[in-house]
Structures are given as structure tokens and as C-alpha cells.
file data-v1.cif (mmCIF, C-alpha atoms)
data_coords
#
loop_
_atom_site.group_PDB
_atom_site.id
_atom_site.type_symbol
_atom_site.label_atom_id
_atom_site.label_comp_id
_atom_site.auth_asym_id
_atom_site.auth_seq_id
_atom_site.Cartn_x
_atom_site.Cartn_y
_atom_site.Cartn_z
ATOM 1 C CA CYS A 682 -27.943 3.308 15.171
ATOM 2 C CA TYR A 683 -31.633 2.501 15.464
ATOM 3 C CA LEU A 684 -31.623 0.939 11.995
ATOM 4 C CA GLN A 685 -28.474 -1.000 12.831
ATOM 5 C CA ALA A 686 -30.044 -2.311 16.034
ATOM 6 C CA LYS A 687 -33.248 -3.203 14.210
ATOM 7 C CA ASN A 688 -31.266 -5.071 11.584
ATOM 8 C CA MET A 689 -29.645 -7.229 14.295
ATOM 9 C CA LYS A 690 -33.060 -8.786 15.041
ATOM 10 C CA VAL A 691 -32.937 -11.400 17.806
ATOM 11 C CA LEU A 692 -29.131 -11.187 18.041
ATOM 12 C CA PHE A 693 -29.558 -7.713 19.532
ATOM 13 C CA PHE A 694 -30.730 -9.296 22.799
ATOM 14 C CA VAL A 695 -27.696 -11.561 23.325
ATOM 15 C CA PRO A 696 -25.744 -9.151 25.580
ATOM 16 C CA LEU A 697 -28.922 -8.302 27.505
ATOM 17 C CA PHE A 698 -29.459 -12.021 28.140
ATOM 18 C CA VAL A 699 -25.872 -12.308 29.398
ATOM 19 C CA PHE A 700 -26.053 -9.174 31.564
ATOM 20 C CA TYR A 701 -29.453 -9.788 33.157
ATOM 21 C CA ILE A 702 -29.671 -13.583 33.334
ATOM 22 C CA VAL A 703 -26.316 -15.337 32.952
ATOM 23 C CA ILE A 704 -24.231 -13.048 35.179
ATOM 24 C CA PRO A 705 -26.673 -12.838 38.130
ATOM 25 C CA LEU A 706 -27.406 -16.581 38.035
ATOM 26 C CA MET A 707 -23.737 -17.550 37.873
ATOM 27 C CA ALA A 708 -22.795 -15.085 40.628
ATOM 28 C CA TYR A 709 -25.525 -16.499 42.853
ATOM 29 C CA ALA A 710 -24.690 -20.112 41.963
ATOM 30 C CA TYR A 711 -21.099 -19.668 43.115
ATOM 31 C CA THR A 712 -22.325 -18.613 46.544
ATOM 32 C CA LEU A 713 -24.068 -21.989 46.887
ATOM 33 C CA SER A 714 -20.891 -24.022 46.412
ATOM 34 C CA PRO A 715 -20.821 -26.736 49.123
ATOM 35 C CA ILE A 716 -17.018 -26.800 48.975
ATOM 36 C CA ALA A 717 -16.078 -23.116 49.214
ATOM 37 C CA PRO A 718 -19.083 -20.760 49.239
ATOM 38 C CA GLN A 719 -18.129 -17.139 48.586
ATOM 39 C CA ASP A 720 -19.581 -13.711 49.212
ATOM 40 C CA LEU A 721 -22.053 -12.625 46.528
ATOM 41 C CA ASN A 722 -20.158 -9.420 45.709
ATOM 42 C CA ILE A 723 -16.944 -11.388 45.213
ATOM 43 C CA THR A 724 -18.595 -13.829 42.831
ATOM 44 C CA LEU A 725 -20.250 -10.950 40.962
ATOM 45 C CA GLU A 726 -16.813 -9.421 40.445
ATOM 46 C CA GLN A 727 -15.357 -12.674 39.142
ATOM 47 C CA VAL A 728 -18.231 -13.351 36.755
ATOM 48 C CA SER A 729 -18.354 -9.740 35.543
ATOM 49 C CA TYR A 730 -14.675 -9.776 34.612
ATOM 50 C CA LEU A 731 -15.303 -12.993 32.719
ATOM 51 C CA PHE A 732 -18.336 -11.901 30.686
ATOM 52 C CA VAL A 733 -18.857 -8.123 30.550
ATOM 53 C CA PRO A 734 -15.780 -7.059 28.525
ATOM 54 C CA VAL A 735 -16.330 -9.791 25.939
ATOM 55 C CA PHE A 736 -20.069 -9.254 25.441
ATOM 56 C CA SER A 737 -19.905 -5.463 25.735
ATOM 57 C CA VAL A 738 -18.669 -5.305 22.125
ATOM 58 C CA TRP A 739 -21.367 -7.583 20.716
ATOM 59 C CA TRP A 740 -23.369 -4.736 19.142
ATOM 60 C CA LEU A 741 -20.180 -3.290 17.695
ATOM 61 C CA TYR A 742 -19.371 -6.637 16.073
ATOM 62 C CA LEU A 743 -22.713 -6.767 14.320
ATOM 63 C CA SER A 744 -22.505 -3.122 13.253
ATOM 64 C CA LEU A 745 -18.993 -3.476 11.856
ATOM 65 C CA LYS A 746 -20.025 -6.574 9.967
ATOM 66 C CA GLU A 747 -22.561 -4.448 8.104
ATOM 67 C CA TYR A 748 -20.057 -1.640 7.719
ATOM 68 C CA LEU A 749 -17.236 -3.809 6.368
ATOM 69 C CA GLU A 750 -19.169 -6.532 4.594
ATOM 70 C CA GLY A 751 -22.723 -5.285 4.019
ATOM 71 C CA GLU A 752 -24.095 -4.062 0.708
ATOM 72 C CA GLY A 753 -25.244 -0.769 2.236
ATOM 73 C CA ASN A 754 -21.929 0.169 3.750
ATOM 74 C CA GLU A 755 -21.499 3.128 1.403
ATOM 75 C CA LEU A 756 -23.907 5.121 3.582
ATOM 76 C CA LEU A 757 -21.598 4.956 6.581
ATOM 77 C CA VAL A 758 -18.530 5.457 4.402
ATOM 78 C CA MET A 759 -19.982 8.645 2.924
ATOM 79 C CA SER A 760 -21.083 10.051 6.255
ATOM 80 C CA GLY A 761 -17.941 8.999 8.128
ATOM 81 C CA GLY A 762 -20.236 7.988 10.945
ATOM 82 C CA ILE A 763 -18.414 4.953 12.318
ATOM 83 C CA GLY A 764 -16.918 6.887 15.246
ATOM 84 C CA ALA A 765 -20.238 8.366 16.317
ATOM 85 C CA MET A 766 -22.032 5.049 15.851
ATOM 86 C CA SER A 767 -19.424 3.238 17.957
ATOM 87 C CA ALA A 768 -19.708 5.884 20.687
ATOM 88 C CA VAL A 769 -23.490 5.526 20.774
ATOM 89 C CA PHE A 770 -23.317 1.734 21.067
ATOM 90 C CA PHE A 771 -20.643 2.029 23.766
ATOM 91 C CA CYS A 772 -22.861 4.358 25.817
ATOM 92 C CA ALA A 773 -25.842 2.059 25.228
ATOM 93 C CA THR A 774 -23.776 -0.896 26.439
ATOM 94 C CA VAL A 775 -22.714 0.887 29.635
ATOM 95 C CA ILE A 776 -26.301 1.917 30.341
ATOM 96 C CA SER A 777 -27.412 -1.659 29.664
ATOM 97 C CA PHE A 778 -25.108 -3.350 32.168
ATOM 98 C CA LEU A 779 -25.585 -0.649 34.830
ATOM 99 C CA PRO A 780 -28.806 -2.232 36.247
ATOM 100 C CA VAL A 781 -26.896 -5.454 36.963
ATOM 101 C CA PHE A 782 -24.959 -3.647 39.696
ATOM 102 C CA LEU A 783 -27.895 -1.819 41.287
ATOM 103 C CA PHE A 784 -29.172 -4.781 43.297
ATOM 104 C CA TYR A 785 -26.021 -5.693 45.191
ATOM 105 C CA ASP A 786 -24.596 -4.474 48.472
ATOM 106 C CA ASN A 787 -22.763 -1.202 47.843
ATOM 107 C CA SER A 788 -22.215 -0.158 51.455
ATOM 108 C CA MET A 789 -18.448 -0.040 50.953
ATOM 109 C CA GLY A 790 -18.584 1.237 47.380
ATOM 110 C CA GLU A 791 -17.369 -2.073 45.907
ATOM 111 C CA THR A 792 -20.223 -2.349 43.420
ATOM 112 C CA THR A 793 -19.721 1.209 42.181
ATOM 113 C CA ASP A 794 -16.032 0.465 41.724
ATOM 114 C CA LEU A 795 -16.862 -2.711 39.813
ATOM 115 C CA PHE A 796 -19.222 -0.850 37.487
ATOM 116 C CA LEU A 797 -16.552 1.765 36.745
ATOM 117 C CA GLN A 798 -13.967 -0.971 36.180
ATOM 118 C CA MET A 799 -16.281 -2.685 33.704
ATOM 119 C CA THR A 800 -16.775 0.643 31.926
ATOM 120 C CA VAL A 801 -13.008 1.030 31.544
ATOM 121 C CA ALA A 802 -12.608 -2.564 30.352
ATOM 122 C CA SER A 803 -15.458 -2.150 27.851
ATOM 123 C CA PHE A 804 -13.985 1.121 26.553
ATOM 124 C CA LEU A 805 -10.685 -0.665 25.992
ATOM 125 C CA MET A 806 -12.329 -3.631 24.265
ATOM 126 C CA TYR A 807 -14.255 -1.303 21.948
ATOM 127 C CA GLY A 808 -10.946 0.232 20.946
ATOM 128 C CA VAL A 809 -9.372 -3.172 20.339
ATOM 129 C CA VAL A 810 -12.245 -4.252 18.093
ATOM 130 C CA LEU A 811 -12.306 -0.972 16.141
ATOM 131 C CA ALA A 812 -8.563 -0.989 15.573
ATOM 132 C CA ALA A 813 -8.374 -4.663 14.599
ATOM 133 C CA ALA A 814 -11.424 -4.520 12.331
ATOM 134 C CA PHE A 815 -10.084 -1.695 10.187
ATOM 135 C CA ALA A 816 -6.412 -2.652 10.379
ATOM 136 C CA PHE A 817 -7.232 -6.077 8.907
ATOM 137 C CA ARG A 818 -10.571 -5.149 7.287
ATOM 138 C CA SER A 819 -12.135 -8.215 8.863
ATOM 139 C CA VAL A 820 -14.729 -8.623 11.591
ATOM 140 C CA ALA A 821 -13.575 -12.200 12.154
ATOM 141 C CA VAL A 822 -10.055 -10.971 12.959
ATOM 142 C CA ALA A 823 -11.528 -8.296 15.251
ATOM 143 C CA ILE A 824 -13.445 -10.970 17.172
ATOM 144 C CA LEU A 825 -10.310 -13.099 17.467
ATOM 145 C CA ALA A 826 -8.296 -10.074 18.638
ATOM 146 C CA ALA A 827 -10.893 -9.273 21.292
ATOM 147 C CA LEU A 828 -10.969 -12.854 22.570
ATOM 148 C CA CYS A 829 -7.171 -13.009 22.723
ATOM 149 C CA TYR A 830 -7.062 -9.685 24.537
ATOM 150 C CA ALA A 831 -9.727 -10.891 26.973
ATOM 151 C CA ILE A 832 -7.528 -13.873 27.813
ATOM 152 C CA LEU A 833 -4.474 -11.641 28.178
ATOM 153 C CA GLY A 834 -6.458 -9.021 30.070
ATOM 154 C CA THR A 835 -7.370 -11.418 32.864
ATOM 155 C CA SER A 836 -4.082 -13.317 33.016
ATOM 156 C CA ALA A 837 -1.585 -12.919 35.823
ATOM 157 C CA MET A 838 1.545 -12.213 33.787
ATOM 158 C CA GLU A 839 3.502 -9.410 35.429
ATOM 159 C CA GLU A 840 5.209 -8.348 32.198
ATOM 160 C CA PHE A 841 1.813 -7.399 30.734
ATOM 161 C CA SER A 842 0.344 -5.890 33.910
ATOM 162 C CA LEU A 843 0.144 -2.355 32.451
ATOM 163 C CA ILE A 844 -2.214 -3.454 29.665
ATOM 164 C CA GLU A 845 -4.251 -6.056 31.576
ATOM 165 C CA TYR A 846 -7.663 -4.843 32.694
ATOM 166 C CA GLY A 847 -7.603 -7.724 35.178
ATOM 167 C CA SER A 848 -5.065 -5.703 37.173
ATOM 168 C CA MET A 849 -7.979 -3.574 38.440
ATOM 169 C CA GLN A 850 -9.757 -6.562 39.960
ATOM 170 C CA GLY A 851 -9.548 -6.596 43.722
ATOM 171 C CA SER A 852 -7.300 -3.538 43.832
ATOM 172 C CA VAL A 853 -8.208 -0.795 46.301
ATOM 173 C CA MET A 854 -6.296 1.698 44.152
ATOM 174 C CA TRP A 855 -7.759 0.333 40.923
ATOM 175 C CA PHE A 856 -8.017 3.767 39.304
ATOM 176 C CA HIS A 857 -4.199 3.911 39.079
ATOM 177 C CA GLU A 858 -4.237 0.693 37.058
ATOM 178 C CA ALA A 859 -7.106 2.086 34.983
ATOM 179 C CA MET A 860 -5.259 5.137 33.626
ATOM 180 C CA PRO A 861 -2.923 3.236 31.231
ATOM 181 C CA LEU A 862 -5.941 1.253 30.032
ATOM 182 C CA VAL A 863 -7.906 4.423 29.268
ATOM 183 C CA VAL A 864 -4.925 5.846 27.367
ATOM 184 C CA LEU A 865 -4.441 2.584 25.454
ATOM 185 C CA GLY A 866 -8.157 2.388 24.694
ATOM 186 C CA THR A 867 -8.123 5.979 23.413
ATOM 187 C CA VAL A 868 -5.191 5.170 21.106
ATOM 188 C CA PHE A 869 -7.071 2.164 19.714
ATOM 189 C CA TRP A 870 -10.250 4.223 19.258
ATOM 190 C CA VAL A 871 -8.419 7.006 17.416
ATOM 191 C CA TYR A 872 -6.533 4.533 15.243
ATOM 192 C CA GLY A 873 -9.705 2.642 14.357
ATOM 193 C CA ILE A 874 -11.633 5.814 13.503
ATOM 194 C CA LEU A 875 -8.776 7.181 11.378
ATOM 195 C CA CYS A 876 -8.566 3.888 9.514
ATOM 196 C CA SER A 877 -12.329 3.922 8.984
ATOM 197 C CA LYS A 878 -12.099 7.326 7.329
ATOM 198 C CA ARG A 879 -9.582 5.926 4.849
ATOM 199 C CA TYR A 880 -11.632 2.799 4.241
ATOM 200 C CA ARG A 881 -13.351 2.612 0.880
#

call {"tool": "encode", "arguments": {"input": "data-v1.cif", "output": "C-alpha cells"}}
result
Amino acid sequence: CYLQAKNMKVLFFVPLFVFYIVIPLMAYAYTLSPIAPQDLNITLEQVSYLFVPVFSVWWLYLSLKEYLEGEGNELLVMSGGIGAMSAVFFCATVISFLPVFLFYDNSMGETTDLFLQMTVASFLMYGVVLAAAFAFRSVAVAILAALCYAILGTSAMEEFSLIEYGSMQGSVMWFHEAMPLVVLGTVFWVYGILCSKRYR
């Protein structure tokens, strides 16, 4: 994982830039709207749902590109290490966006809930990317699948409510909406890892 991260060079810092600069600035900027200023925690929630799930899989994209298209991919194929590598990058991603939520009002537990919701959404998106990448053997298709799912995940279509991570947003009982997403994410993870073991 260290070698993968080192190989990403400056692209490694893209999600950190989004988490630590783009999200806080946009959340704060929305509170300054002269038309309809909003509470900072509300704007943080809106911006987080927009950016965190999409950019949480950035490191996975770059790693899978090397795994599927790189000349040295036989090392990961022989070790069967794609599952472990994905898990490490997922944990690193969660740890990376955690500090974003430490500086906001958490007196009612809203910020803690938002962090947990983003963890669930990121877990699901990791599964989507893994499954799509190895089902179609293409990182480009995996990126497209993730973007399409991000659009679907934040839509307001009732027929897809069980698989939309946006259903957690603003819900007091969000953990009930989260359970199908965790199950779906687990299915995608397992499918992607099984496909990776058959990939040669």
C-alpha cells in the first residue's frame, strides 16, 4: 500500500485537498448566502454528501489502475492482495476525512452521525468500484459506475430508496436506512474480491 501510494505522486493528495479545503470552504460559503443563509452543520451535511462518497474511492481508482493495467500487476495477482489493499485504503480514507468533522458543533450528535453516514456511503462506493472494475476489467467503467451510483444515491426516487445512501441524510433514524446499504456494499465487496482472485 505504501508503494502504491508513493506511485500516485501528487495525485495522492487530491482527496485530502477536497476533504480539508474544498468541503470546509464550500460549507462556510453557503452560510454567507445573502438570499438564504443556512446553519453551518446543515451546509456541511449537504457538501459532504456531494463530495465525500465520490472522492473517498480516489485512492482505490489509482490502485486498481495499476492492478488492472500496470506492468507490475502480477505481484498483486500472485499474492491475491487486492482485498487487503482495498481494506487498507478504505480505512485510510475514513481516517483522512475524520478530522473534517472534528471542528463543528456536535452538541446534538449530528456531526458524529454525519461521519458515520459518510463511512457507510464510502464503504458502499468502494464495493461498487471493486465490483465494476473486475466485472468489466476496466477502471474507466468503474469510475463511470461510481459516478452514476453517486447520482442515483442522492436522488429522491422512492423506488430506489433502499439502495440510495442519500436516504440517510437528515433522517433521525438513519441507521435503519444504513443497514441495506451495508449489506449491499458487502455483496459488492465480496463479488469484487472473488472476481479479482479469478483475474489473470

call {"tool": "closest_residue", "arguments": {"input": "data-v1.cif", "among": "A:Val863, A:Trp740, A:Tyr709, A:Glu726", "to": "Lys690 (chain A)", "atoms": "all atoms listed in the file"}}
result
A:Trp740

call {"tool": "axis_aligned_box", "arguments": {"input": "data-v1.cif", "around": "region 802-806 of chain A", "padding_each_side": "4 Å", "output": "AutoDock Vina command-line options"}}
result
--center_x -13.1 --center_y -1.3 --center_z 27.3 --size_x 12.8 --size_y 12.8 --size_z 14.1

call {"tool": "closest_residue", "arguments": {"input": "data-v1.cif", "among": "A:Tyr846, A:Phe693, A:Phe796, A:Phe784", "to": "Tyr742 (chain A)", "atoms": "only C-alpha atoms"}}
result
A:Phe693

call {"tool": "closest_residue", "arguments": {"input": "data-v1.cif", "among": "A:Val738, A:Trp855, A:Tyr785, A:Ser848", "to": "Ala823 (chain A)", "atoms": "only C-alpha atoms"}}
result
A:Val738

call {"tool": "residues_around", "arguments": {"input": "data-v1.cif", "residues": "Ser737 (chain A)", "least_positions_apart": "2", "cutoff": "10 Å", "atoms": "all atoms listed in the file", "output": "mmCIF file with C-alpha atoms, keeping the file's coordinate frame"}}
result
data_model
loop_
_atom_site.group_PDB
_atom_site.id
_atom_site.type_symbol
_atom_site.label_atom_id
_atom_site.label_comp_id
_atom_site.auth_asym_id
_atom_site.auth_seq_id
_atom_site.Cartn_x
_atom_site.Cartn_y
_atom_site.Cartn_z
ATOM 1 C CA PRO A 696 -25.744 -9.151 25.580
ATOM 2 C CA LEU A 697 -28.922 -8.302 27.505
ATOM 3 C CA VAL A 699 -25.872 -12.308 29.398
ATOM 4 C CA PHE A 700 -26.053 -9.174 31.564
ATOM 5 C CA PHE A 732 -18.336 -11.901 30.686
ATOM 6 C CA VAL A 733 -18.857 -8.123 30.550
ATOM 7 C CA PRO A 734 -15.780 -7.059 28.525
ATOM 8 C CA VAL A 735 -16.330 -9.791 25.939
ATOM 9 C CA TRP A 739 -21.367 -7.583 20.716
ATOM 10 C CA TRP A 740 -23.369 -4.736 19.142
ATOM 11 C CA LEU A 741 -20.180 -3.290 17.695
ATOM 12 C CA TYR A 742 -19.371 -6.637 16.073
ATOM 13 C CA PHE A 770 -23.317 1.734 21.067
ATOM 14 C CA PHE A 771 -20.643 2.029 23.766
ATOM 15 C CA ALA A 773 -25.842 2.059 25.228
ATOM 16 C CA THR A 774 -23.776 -0.896 26.439
ATOM 17 C CA VAL A 775 -22.714 0.887 29.635
ATOM 18 C CA SER A 777 -27.412 -1.659 29.664
ATOM 19 C CA PHE A 778 -25.108 -3.350 32.168
ATOM 20 C CA MET A 799 -16.281 -2.685 33.704
ATOM 21 C CA THR A 800 -16.775 0.643 31.926
ATOM 22 C CA ALA A 802 -12.608 -2.564 30.352
ATOM 23 C CA SER A 803 -15.458 -2.150 27.851
ATOM 24 C CA PHE A 804 -13.985 1.121 26.553
ATOM 25 C CA MET A 806 -12.329 -3.631 24.265
ATOM 26 C CA TYR A 807 -14.255 -1.303 21.948
#

call {"tool": "atom_distance", "arguments": {"input": "data-v1.cif", "atom1": "CA of Gly762 (chain A)", "atom2": "CA of Ala826 (chain A)"}}
result
23.0 Å

call {"tool": "resolve_selection", "arguments": {"input": "data-v1.cif", "expression": "the PyMOL selection byres ((chain A and resi 844) around 12)", "output": "JSON, numbers by chain"}}
result
{"A": [801, 802, 805, 806, 809, 830, 831, 832, 833, 834, 835, 836, 837, 838, 839, 840, 841, 842, 843, 845, 846, 847, 848, 849, 858, 859, 860, 861, 862, 863, 864, 865, 866]}

call {"tool": "residues_around", "arguments": {"input": "data-v1.cif", "residues": "Ala816 (chain A)", "least_positions_apart": "5", "cutoff": "12 Å", "atoms": "all atoms listed in the file", "output": "PyMOL selection string"}}
result
chain A and resi 749+808-811+822-823+826+869-870+872-880

call {"tool": "closest_residue", "arguments": {"input": "data-v1.cif", "among": "A:Met854, A:Ala812, A:Ala708, A:Ala765", "to": "Gln727 (chain A)", "atoms": "only C-alpha atoms"}}
result
A:Ala708

call {"tool": "atom_distance", "arguments": {"input": "data-v1.cif", "atom1": "CA of Cys829 (chain A)", "atom2": "CA of Ala813 (chain A)"}}
result
11.7 Å

call {"tool": "atom_distance", "arguments": {"input": "data-v1.cif", "atom1": "CA of Ser788 (chain A)", "atom2": "CA of Thr712 (chain A)"}}
result
19.1 Å

call {"tool": "residues_around", "arguments": {"input": "data-v1.cif", "residues": "Asn722 (chain A)", "least_positions_apart": "3", "cutoff": "12 Å", "atoms": "all atoms listed in the file", "output": "PyMOL selection string"}}
result
chain A and resi 704-705+707-709+711-712+718-719+725-729+781-796+851

call {"tool": "closest_residue", "arguments": {"input": "data-v1.cif", "among": "A:Leu706, A:Phe736, A:Glu750, A:Leu797", "to": "Ala827 (chain A)", "atoms": "only C-alpha atoms"}}
result
A:Phe736
